[in-house]
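Data from protein-v6.txt: compact mmCIF, C-alpha atoms
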# COMPACT_ATOMS: atom_id res chain seq x y z
CA MET X 21 0.00 0.00 0.00
CA THR X 22 1.37 3.40 -0.93
CA ALA X 23 -0.11 6.59 0.41
CA ALA X 24 0.24 9.97 -1.20
CA PRO X 25 1.55 12.79 1.00
CA GLY X 26 -1.16 15.13 2.23
CA THR X 27 -1.69 18.60 0.85
CA GLY X 28 -4.11 19.92 3.44
CA GLU X 29 -7.07 18.84 1.35
CA ARG X 30 -9.02 15.75 2.23
CA PRO X 31 -7.96 13.05 -0.26
CA ALA X 32 -10.53 11.42 -2.49
CA ASP X 33 -9.91 7.92 -1.16
CA THR X 34 -11.41 8.79 2.24
CA ALA X 35 -14.75 8.18 0.51
CA HIS X 36 -14.02 4.47 0.76
CA GLY X 37 -13.53 4.46 4.53
CA PRO X 38 -16.40 3.52 6.82
CA LEU X 39 -15.74 6.60 8.98
CA THR X 40 -15.85 9.04 6.06
CA GLY X 41 -17.55 12.26 7.14
CA LEU X 42 -16.49 11.91 10.77
CA ARG X 43 -14.51 14.93 12.01
CA VAL X 44 -12.09 14.37 14.92
CA LEU X 45 -10.07 17.00 16.79
CA ASP X 46 -7.00 15.42 18.37
CA LEU X 47 -5.74 17.57 21.26
CA ALA X 48 -3.90 14.72 22.97
CA THR X 49 -0.20 13.84 23.33
CA LEU X 50 1.89 10.80 24.30
CA PHE X 51 0.40 8.27 23.37
CA ALA X 52 -2.99 6.66 24.04
CA GLY X 53 -5.21 9.54 22.92
CA PRO X 54 -3.29 10.21 19.71
CA LEU X 55 -3.30 6.49 18.88
CA ALA X 56 -7.09 6.41 19.24
CA ALA X 57 -7.35 9.30 16.80
CA THR X 58 -4.94 7.55 14.42
CA LEU X 59 -7.11 4.42 14.42
CA LEU X 60 -10.15 6.53 13.54
CA GLY X 61 -8.23 8.30 10.79
CA ASP X 62 -7.11 4.98 9.32
CA PHE X 63 -10.70 4.22 8.42
CA GLY X 64 -11.58 7.54 6.84
CA ALA X 65 -12.22 10.01 9.66
CA ASP X 66 -10.93 13.53 9.00
CA VAL X 67 -8.57 13.93 11.96
CA VAL X 68 -7.17 17.36 12.75
CA LYS X 69 -4.18 17.29 15.09
CA VAL X 70 -4.12 20.40 17.28
CA GLU X 71 -0.67 21.33 18.62
CA HIS X 72 0.72 24.32 20.51
CA PRO X 73 2.38 26.81 18.13
CA GLY X 74 5.65 26.80 20.04
CA ARG X 75 5.63 23.32 21.56
CA PRO X 76 4.91 20.59 19.01
CA ASP X 77 3.60 17.20 20.09
CA PRO X 78 6.39 15.48 22.08
CA SER X 79 6.12 12.39 19.88
CA ARG X 80 7.81 14.42 17.14
CA GLY X 81 10.99 14.22 19.19
CA HIS X 82 10.43 10.91 20.97
CA GLY X 83 12.80 8.10 20.03
CA PRO X 84 15.07 7.84 17.00
CA ALA X 85 14.96 10.41 14.21
CA LYS X 86 16.22 10.52 10.65
CA ASP X 87 17.32 13.76 8.98
CA GLY X 88 15.74 15.64 11.88
CA GLN X 89 12.38 13.93 11.40
CA GLY X 90 10.97 12.02 14.39
CA LEU X 91 10.01 8.57 13.15
CA TRP X 92 7.44 7.83 15.85
CA TRP X 93 5.51 10.90 14.73
CA LYS X 94 5.45 9.61 11.16
CA LEU X 95 3.46 6.64 12.47
CA LEU X 96 1.35 8.32 15.17
CA GLY X 97 0.59 11.37 13.04
CA ARG X 98 -0.48 9.51 9.93
CA ASN X 99 -3.81 10.39 8.31
CA LYS X 100 -3.97 13.59 10.37
CA ARG X 101 -3.99 17.19 9.22
CA THR X 102 -1.99 19.46 11.50
CA LEU X 103 -3.15 22.72 13.04
CA THR X 104 -1.54 24.96 15.64
CA LEU X 105 -3.57 26.71 18.34
CA ASP X 106 -2.64 28.11 21.73
CA LEU X 107 -5.73 27.12 23.67
CA ARG X 108 -4.81 29.41 26.55
CA THR X 109 -5.35 32.50 24.41
CA ASP X 110 -8.70 34.07 23.62
CA GLY X 111 -8.15 33.57 19.92
CA GLY X 112 -7.13 29.96 20.30
CA ARG X 113 -10.08 29.23 22.58
CA ALA X 114 -12.52 30.84 20.15
CA ALA X 115 -11.03 28.95 17.23
CA LEU X 116 -11.31 25.59 18.99
CA LEU X 117 -14.95 26.25 19.90
CA ARG X 118 -15.67 27.11 16.29
CA LEU X 119 -13.97 23.91 15.13
CA ALA X 120 -15.76 21.87 17.80
CA ALA X 121 -19.09 23.17 16.57
CA GLY X 122 -18.52 21.27 13.34
CA ALA X 123 -16.77 18.24 14.80
CA ASP X 124 -17.99 14.85 15.96
CA VAL X 125 -15.22 13.92 18.39
CA VAL X 126 -12.64 15.71 20.53
CA VAL X 127 -9.84 13.61 22.05
CA GLU X 128 -7.81 15.12 24.90
CA ASN X 129 -5.49 13.91 27.65
CA PHE X 130 -4.83 16.94 29.81
CA ARG X 131 -5.00 16.53 33.57
CA PRO X 132 -8.56 16.80 34.88
CA GLY X 133 -9.66 20.41 35.14
CA THR X 134 -7.23 21.80 32.55
CA LEU X 135 -9.78 22.30 29.77
CA GLU X 136 -12.18 23.76 32.31
CA ARG X 137 -9.58 26.36 33.35
CA TRP X 138 -9.28 27.38 29.72
CA GLY X 139 -13.05 27.68 29.31
CA LEU X 140 -13.09 24.62 27.06
CA GLY X 141 -14.68 22.03 29.32
CA TRP X 142 -17.66 19.85 28.55
CA GLU X 143 -20.07 22.63 29.47
CA GLU X 144 -18.63 24.97 26.84
CA LEU X 145 -18.01 22.32 24.18
CA SER X 146 -21.44 20.74 24.44
CA ALA X 147 -23.04 24.18 24.36
CA VAL X 148 -21.65 24.81 20.87
CA ASN X 149 -22.27 21.20 19.76
CA PRO X 150 -24.69 19.03 21.75
CA ARG X 151 -23.84 16.05 19.50
CA LEU X 152 -20.12 16.16 20.31
CA VAL X 153 -18.31 13.19 21.87
CA LEU X 154 -15.49 14.28 24.19
CA ALA X 155 -12.97 11.50 24.85
CA ARG X 156 -10.89 12.24 27.96
CA VAL X 157 -7.85 10.00 28.44
CA THR X 158 -5.91 10.35 31.69
CA ALA X 159 -3.72 8.18 33.87
CA PHE X 160 -6.27 7.74 36.67
CA GLY X 161 -9.61 9.03 35.39
CA GLN X 162 -11.56 12.24 35.92
CA PHE X 163 -12.30 11.70 39.64
CA GLY X 164 -11.04 9.79 42.67
CA PRO X 165 -8.11 10.28 45.04
CA TYR X 166 -5.45 9.95 42.32
CA ALA X 167 -7.17 11.97 39.59
CA HIS X 168 -4.97 15.04 40.15
CA ARG X 169 -1.71 13.13 39.84
CA PRO X 170 0.47 13.17 36.71
CA GLY X 171 0.92 9.76 35.20
CA PHE X 172 2.10 7.74 32.25
CA GLY X 173 1.62 4.21 30.96
CA THR X 174 4.50 2.95 33.09
CA LEU X 175 2.49 3.71 36.21
CA ALA X 176 -0.49 1.83 34.81
CA GLU X 177 1.70 -1.18 34.04
CA ALA X 178 2.88 -1.13 37.65
CA MET X 179 -0.43 -0.32 39.34
CA SER X 180 -2.60 -2.77 37.37
CA GLY X 181 -0.74 -5.89 38.50
CA PHE X 182 0.96 -6.44 35.15
CA ALA X 183 4.51 -5.80 36.40
CA ALA X 184 3.94 -7.89 39.52
CA ILE X 185 3.36 -11.06 37.48
CA THR X 186 5.98 -10.33 34.80
CA GLY X 187 9.56 -11.51 35.18
CA GLU X 188 11.42 -14.46 36.61
CA PRO X 189 10.30 -15.94 39.96
CA ASP X 190 13.46 -14.81 41.76
CA GLY X 191 13.75 -11.50 39.89
CA PRO X 192 12.16 -8.07 40.24
CA PRO X 193 8.83 -7.04 38.72
CA THR X 194 9.41 -6.28 35.05
CA LEU X 195 8.10 -3.37 33.00
CA PRO X 196 7.66 -3.66 29.22
CA PRO X 197 10.22 -1.76 27.12
CA PHE X 198 7.49 -0.08 25.06
CA GLY X 199 4.18 1.70 25.60
CA LEU X 200 2.02 -1.32 26.42
CA ALA X 201 -0.56 0.38 28.64
CA ASP X 202 -0.83 3.34 26.27
CA SER X 203 -1.32 1.09 23.26
CA ILE X 204 -4.04 -0.96 24.96
CA ALA X 205 -5.74 2.24 26.14
CA GLY X 206 -5.54 3.77 22.65
CA ILE X 207 -7.32 0.81 21.11
CA ALA X 208 -9.87 0.85 23.94
CA CYS X 209 -10.43 4.57 23.46
CA ALA X 210 -11.19 4.15 19.76
CA TYR X 211 -13.73 1.49 20.71
CA ALA X 212 -15.20 3.78 23.39
CA VAL X 213 -15.55 6.61 20.88
CA MET X 214 -17.40 4.36 18.45
CA ALA X 215 -19.69 3.16 21.25
CA ALA X 216 -20.44 6.78 22.20
CA LEU X 217 -21.15 7.64 18.57
CA ALA X 218 -23.51 4.67 18.31
CA GLY X 219 -25.26 5.99 21.40
CA ARG X 220 -25.52 9.40 19.75
CA ASP X 221 -27.22 7.80 16.76
CA ARG X 222 -29.93 6.54 19.12
CA THR X 223 -30.32 9.56 21.40
CA GLY X 224 -29.17 12.47 19.25
CA GLU X 225 -26.87 13.64 22.04
CA GLY X 226 -23.15 13.46 22.56
CA GLN X 227 -21.44 12.43 25.77
CA VAL X 228 -18.14 12.25 27.64
CA VAL X 229 -15.82 9.24 27.46
CA ASP X 230 -13.78 8.98 30.68
CA LEU X 231 -10.94 6.51 30.08
CA ALA X 232 -8.12 5.90 32.57
CA LEU X 233 -4.87 4.22 31.51
CA ILE X 234 -5.00 1.99 34.59
CA GLU X 235 -8.21 0.27 33.45
CA PRO X 236 -7.78 -1.27 29.96
CA ILE X 237 -4.56 -3.01 30.93
CA LEU X 238 -6.32 -4.46 33.98
CA THR X 239 -8.98 -5.85 31.64
CA ALA X 240 -6.20 -7.35 29.50
CA LEU X 241 -4.94 -9.27 32.55
CA GLY X 242 -8.07 -11.39 32.48
CA PRO X 243 -9.53 -13.14 35.53
CA HIS X 244 -6.94 -12.14 38.14
CA PRO X 245 -9.38 -10.03 40.23
CA LEU X 246 -11.98 -12.79 40.01
CA TRP X 247 -9.47 -15.43 41.08
CA TYR X 248 -8.50 -13.35 44.09
CA ASP X 249 -12.08 -12.48 44.96
CA GLN X 250 -13.26 -16.06 44.95
CA LEU X 251 -10.15 -18.03 45.90
CA GLY X 252 -7.69 -15.58 47.41
CA HIS X 253 -5.34 -16.59 44.59
CA VAL X 254 -2.44 -14.23 43.80
CA GLN X 255 -0.47 -15.26 40.74
CA PRO X 256 3.30 -15.22 41.27
CA ARG X 257 5.93 -14.38 38.68
CA THR X 258 6.59 -17.48 36.60
CA GLY X 259 8.90 -16.20 33.87
CA ASN X 260 7.89 -17.64 30.52
CA ARG X 261 5.88 -20.41 32.13
CA SER X 262 2.14 -20.41 32.64
CA VAL X 263 0.20 -21.49 35.72
CA ASN X 264 -2.53 -22.78 33.41
CA ASN X 265 -0.70 -25.10 31.03
CA ALA X 266 2.63 -26.70 30.17
CA PRO X 267 4.85 -27.07 28.29
CA ARG X 268 4.80 -23.33 27.64
CA ASN X 269 8.16 -21.64 27.34
CA THR X 270 10.90 -20.44 25.05
CA TYR X 271 13.49 -23.01 24.06
CA ARG X 272 16.90 -22.64 22.45
CA THR X 273 17.61 -24.53 19.24
CA ALA X 274 20.83 -26.21 18.12
CA ASP X 275 21.79 -23.22 15.96
CA GLY X 276 21.40 -20.71 18.80
CA SER X 277 17.94 -19.42 17.89
CA TRP X 278 14.84 -19.48 20.07
CA VAL X 279 11.32 -20.77 19.58
CA ALA X 280 8.17 -20.39 21.66
CA VAL X 281 5.88 -23.34 22.36
CA SER X 282 2.34 -23.20 23.72
CA THR X 283 0.03 -26.08 24.62
CA SER X 284 -3.16 -24.38 25.76
CA ALA X 285 -5.16 -27.18 24.11
CA GLN X 286 -4.88 -30.69 25.53
CA SER X 287 -4.66 -32.26 22.08
CA VAL X 288 -1.73 -30.01 21.18
CA ALA X 289 0.09 -30.98 24.40
CA GLU X 290 -0.30 -34.63 23.48
CA ARG X 291 1.00 -34.04 19.96
CA VAL X 292 4.05 -32.22 21.33
CA MET X 293 4.89 -35.11 23.62
CA ALA X 294 4.63 -37.55 20.72
CA LEU X 295 6.82 -35.33 18.57
CA VAL X 296 9.63 -35.07 21.12
CA GLY X 297 9.60 -38.82 21.75
CA ARG X 298 7.93 -38.80 25.17
CA PRO X 299 4.40 -40.07 24.48
CA GLU X 300 4.33 -41.92 27.80
CA LEU X 301 4.01 -38.60 29.63
CA SER X 302 0.59 -38.10 28.05
CA ALA X 303 -0.63 -41.15 29.95
CA GLU X 304 0.23 -39.70 33.36
CA PRO X 305 -2.87 -38.80 35.41
CA TRP X 306 -1.57 -35.29 35.99
CA PHE X 307 -1.28 -34.70 32.24
CA ALA X 308 -5.06 -34.67 31.80
CA ASP X 309 -5.50 -30.93 32.38
CA GLY X 310 -3.54 -27.72 32.06
CA ALA X 311 -3.10 -27.13 35.78
CA GLY X 312 -1.74 -30.64 36.26
CA ARG X 313 0.71 -30.19 33.44
CA ALA X 314 1.78 -26.80 34.83
CA ALA X 315 2.59 -28.47 38.16
CA HIS X 316 5.03 -30.72 36.29
CA ALA X 317 6.55 -27.99 34.14
CA ASP X 318 10.14 -28.97 35.04
CA GLU X 319 9.70 -32.45 33.63
CA LEU X 320 7.86 -31.28 30.53
CA ASP X 321 10.32 -28.46 29.85
CA GLU X 322 13.20 -30.93 30.06
CA ALA X 323 11.52 -33.24 27.58
CA VAL X 324 10.68 -30.52 25.09
CA GLY X 325 13.79 -28.43 25.63
CA SER X 326 16.24 -31.30 25.21
CA TRP X 327 14.61 -32.35 21.91
CA ILE X 328 14.58 -28.79 20.55
CA ALA X 329 18.22 -28.29 21.60
CA ARG X 330 19.23 -31.10 19.23
CA HIS X 331 17.59 -29.54 16.16
CA THR X 332 17.98 -26.34 14.18
CA ARG X 333 15.26 -23.75 14.26
CA ASP X 334 14.12 -24.54 10.71
CA ASP X 335 13.88 -28.22 11.54
CA VAL X 336 11.96 -27.53 14.74
CA LEU X 337 9.46 -25.31 12.96
CA ALA X 338 9.00 -27.84 10.17
CA ALA X 339 8.51 -30.75 12.60
CA PHE X 340 5.99 -28.87 14.73
CA ASP X 341 4.11 -27.77 11.62
CA LYS X 342 3.91 -31.33 10.38
CA ALA X 343 2.68 -32.51 13.80
CA GLU X 344 0.10 -29.68 13.95
CA ALA X 345 1.64 -28.44 17.19
CA ALA X 346 1.82 -24.74 18.10
CA VAL X 347 5.24 -23.12 17.72
CA ALA X 348 6.65 -19.80 16.58
CA PRO X 349 10.13 -18.39 16.13
CA VAL X 350 11.20 -15.71 18.59
CA GLN X 351 11.76 -12.89 16.12
CA ASP X 352 13.30 -9.48 16.49
CA VAL X 353 12.13 -6.60 14.31
CA ARG X 354 14.54 -7.55 11.51
CA GLU X 355 12.76 -10.87 11.03
CA VAL X 356 9.33 -9.31 11.50
CA MET X 357 10.02 -7.09 8.50
CA THR X 358 10.58 -10.15 6.26
CA ASP X 359 8.19 -12.67 7.82
CA PRO X 360 6.11 -14.33 5.07
CA GLN X 361 2.89 -14.38 7.13
CA TYR X 362 3.08 -10.66 7.83
CA ALA X 363 3.86 -10.16 4.13
CA ALA X 364 0.80 -12.18 3.11
CA LEU X 365 -1.44 -10.17 5.41
CA GLY X 366 0.02 -6.84 4.32
CA THR X 367 0.77 -6.04 7.94
CA LEU X 368 3.52 -3.61 6.97
CA ALA X 369 2.72 -0.87 4.49
CA GLU X 370 5.01 1.36 2.45
CA VAL X 371 4.17 5.04 2.64
CA ASP X 372 5.62 7.85 0.53
CA ASP X 373 6.76 10.56 2.92
CA PRO X 374 7.63 14.04 1.57
CA GLU X 375 10.63 14.44 3.90
CA LEU X 376 12.03 10.90 4.01
CA GLY X 377 10.75 9.20 0.87
CA PRO X 378 9.38 5.64 1.05
CA LEU X 379 9.09 4.27 4.58
CA ARG X 380 7.49 1.19 6.07
CA MET X 381 5.20 1.10 9.09
CA GLN X 382 2.42 -1.00 10.55
CA ASN X 383 -0.65 -1.06 8.32
CA VAL X 384 -4.20 -0.40 9.51
CA LEU X 385 -5.12 -2.60 12.44
CA PHE X 386 -7.54 -4.96 10.70
CA ARG X 387 -8.98 -5.73 7.29
CA LEU X 388 -12.55 -4.92 6.25
CA SER X 389 -13.81 -6.69 3.13
CA GLY X 390 -16.12 -3.92 1.95
CA THR X 391 -14.80 -0.61 3.31
CA PRO X 392 -11.13 -1.10 4.10
CA GLY X 393 -8.97 1.46 5.83
CA ALA X 394 -5.89 3.03 4.30
CA ILE X 395 -2.78 5.02 5.16
CA ARG X 396 -3.23 8.16 3.11
CA TRP X 397 -0.16 9.98 4.38
CA SER X 398 2.40 9.83 7.17
CA GLY X 399 2.77 12.35 10.00
CA ARG X 400 2.87 15.85 8.55
CA ALA X 401 4.84 18.95 9.40
CA HIS X 402 3.94 21.02 12.46
CA GLY X 403 1.03 23.31 11.57
CA ALA X 404 1.03 22.31 7.90
CA ASP X 405 -2.76 22.60 7.56
CA THR X 406 -3.50 25.51 9.88
CA ASP X 407 -4.69 27.91 7.19
CA ALA X 408 -6.77 25.27 5.38
CA VAL X 409 -8.51 24.00 8.51
CA LEU X 410 -9.31 27.47 9.79
CA ALA X 411 -10.59 28.49 6.38
CA GLU X 412 -13.00 25.53 6.50
CA ALA X 413 -14.22 26.89 9.84
CA GLY X 414 -15.03 30.23 8.21
CA TYR X 415 -11.91 32.24 9.01
CA ALA X 416 -10.90 34.75 6.35
CA PRO X 417 -7.20 35.05 5.50
CA ALA X 418 -6.99 38.36 7.36
CA GLU X 419 -8.45 36.76 10.49
CA VAL X 420 -5.94 33.93 10.35
CA ALA X 421 -3.16 36.48 9.95
CA ALA X 422 -4.43 38.32 13.01
CA LEU X 423 -4.49 35.12 15.05
CA ARG X 424 -0.94 34.38 13.95
CA ALA X 425 0.21 37.87 14.87
CA ALA X 426 -1.35 37.46 18.31
CA GLY X 427 0.43 34.13 18.86
CA ALA X 428 -2.84 32.19 18.94
CA VAL X 429 -1.80 30.00 16.01
Using the file provided, produce a representation of the structure as structure tokens.
Amino acid sequence: MTAAPGTGERPADTAHGPLTGLRVLDLATLFAGPLAATLLGDFGADVVKVEHPGRPDPSRGHGPAKDGQGLWWKLLGRNKRTLTLDLRTDGGRAALLRLAAGADVVVENFRPGTLERWGLGWEELSAVNPRLVLARVTAFGQFGPYAHRPGFGTLAEAMSGFAAITGEPDGPPTLPPFGLADSIAGIACAYAVMAALAGRDRTGEGQVVDLALIEPILTALGPHPLWYDQLGHVQPRTGNRSVNNAPRNTYRTADGSWVAVSTSAQSVAERVMALVGRPELSAEPWFADGAGRAAHADELDEAVGSWIARHTRDDVLAAFDKAEAAVAPVQDVREVMTDPQYAALGTLAEVDDPELGPLRMQNVLFRLSGTPGAIRWSGRAHGADTDAVLAEAGYAPAEVAALRAAGAV
């Protein structure tokens, strides 16, 4: 897939997206809120990224850059037009209200009370547009004893219980080396926005989405609260092992590579034991369920690990495939970029970027058979579409010049 660089005008191919006609104002930064807006833009929404005139979105400078261009922004800012507004100024406030009057969604992640201090809270926004959906993404939510605190995804990963169960049994709690909580929250926020819009279709009225980073990642952890509530069970750190099934681990091959094996299904566990030459283990009474197998993980890991250690990675993958047993290579990003399954799915797309030329990034999140999404352009320059967006809101060129002179844009 190749996307043409944006010009400030809405490209014709947005007509094919299921969210065509939806207008989104993205006021958020780092990273959940902007990701939610990106996901909406991928399927045709007209997303306008609003940034401070003097302080661009931090993602523009986050992580590695090439030729002075932040690469994370190229991904996070895709399919968005860029506008600068200082929301603390009278002119910036008035401009945002005018834009909100014609928008469907506003996404923001300021600390609770910030928009209200600027005269841009729900009361003011809904007054100019009763059908507006305001998505508010914060670390801890809009109320409660922690609501005033600053926070990032790292705190959600710690507070949710994720870090407590991640790592080796005799090691410290482990945090992910990427924005896990933010990514989960961004996907959840896009879902929440669509649910709110569906509600608007029924009632005719917009509403507020209150999403805290600490909540979606807790949902992703599954039944841990239920286990504790009913059984007092607290899952310990188990490294790569699972308390629910075995064998389940990473194993080193004869050529120094690694593979991951999972046996969540009983039939798969039995096939693995046959493959590695230990079918007698399948007859043990404890082998009959996942918990029993997990209690004998040492024995099962030795059986599987010793067999894998005698074979190359290619041979292991081929043997497991033939046996219809679940296995995958442990790949770094270099192998991800050339993996044939990702290639078949089109998981990575090539985008023509005006500053950097062709670049590859993750494609839209899923495939729709009738109204597919598309990457129309990568993250654009700071404020590239300010004049065009304000003109659409009814500002004459002289008014835009006055706003610029006043520092509002």
- [ ] Give the answer as one residue: which of X:Arg257, X:Arg113, X:Arg396, X:Arg272 has the shortest atom-to-atom distance to Phe63 of chain X, using all atoms listed in the file?
- [x] X:Arg396
Task: For Asp106 of chain X: contacts at 8 Å, only C-alpha atoms, fewer than 6 positions along chain excluded, given as a list in words - done: Glu71, His72, Pro73, Gly112, Arg113, Gly427, Ala428 and Val429 of chain X
TODO: Find the residue from X:Ala280, X:Leu233, X:Ala183, X:Ala85 that sits nearest to Pro349 of chain X; use only C-alpha atoms when measuring.
DONE: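 Smallest separation from Pro349 of chain X among the options: X:Ala280.
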Task: Surrounding residues of Val288 of chain X excluding itself and chain neighbours under 4 positions, 8 Å, all atoms listed in the file, as a ChimeraX atom specification - done: /X:283-284,292,344-346
Open item on the list: With distances taken over all atoms listed in the file, which residue among X:Trp247, X:Phe130, X:Trp93, X:Phe51 lies nearest Ala401 of chain X?
Closed with: X:Trp93
Task: atom CA of Val279 of chain X to atom CA of Gly83 of chain X, distance in Å rounded to a single decimal - done: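 These two atoms are separated by 28.9 Å.
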Task: Top pick for closest residue to Val153 of chain X, considering X:Leu119, X:Val228, X:Ala201, X:Ile185 and counting only C-alpha atoms - done: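 Comparing X:Leu119, X:Val228, X:Ala201, X:Ile185 against Val153 of chain X, the winner is X:Val228.
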Open item on the list: What does the structure give for the distance between atom CA of Val213 of chain X and atom CA of Ala413 of chain X, in Å to one decimal?
Closed with: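 Computing the Euclidean distance for atom CA of Val213 of chain X and atom CA of Ala413 of chain X yields 23.1 Å.
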Open item on the list: Env of segment 321-326 of chain X: 10 Å cut, atoms = only C-alpha atoms, seq-sep filter 6 positions within chain, self excluded. Answer as a ChimeraX atom specification.
Closed with: /X:261,266-274,281,292-293,295-298,301
TODO: Rank nothing, just name the residue among X:Asn260, X:Thr158, X:Gln227, X:Thr40 nearest to Glu188 of chain X, using only C-alpha atoms.
DONE: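 Looking only at the distances to Glu188 of chain X, the closest residue turns out to be X:Asn260.
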Open item on the list: Which residues are close to Leu376 of chain X, i.e. within 9 Å by all atoms listed in the file, leaving aside same-chain residues fewer than 3 positions away? Reply as a list in words.
Closed with: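 The residues that qualify are Lys86, Asp87, Gln89, Asp372, Asp373 and Leu379 of chain X.
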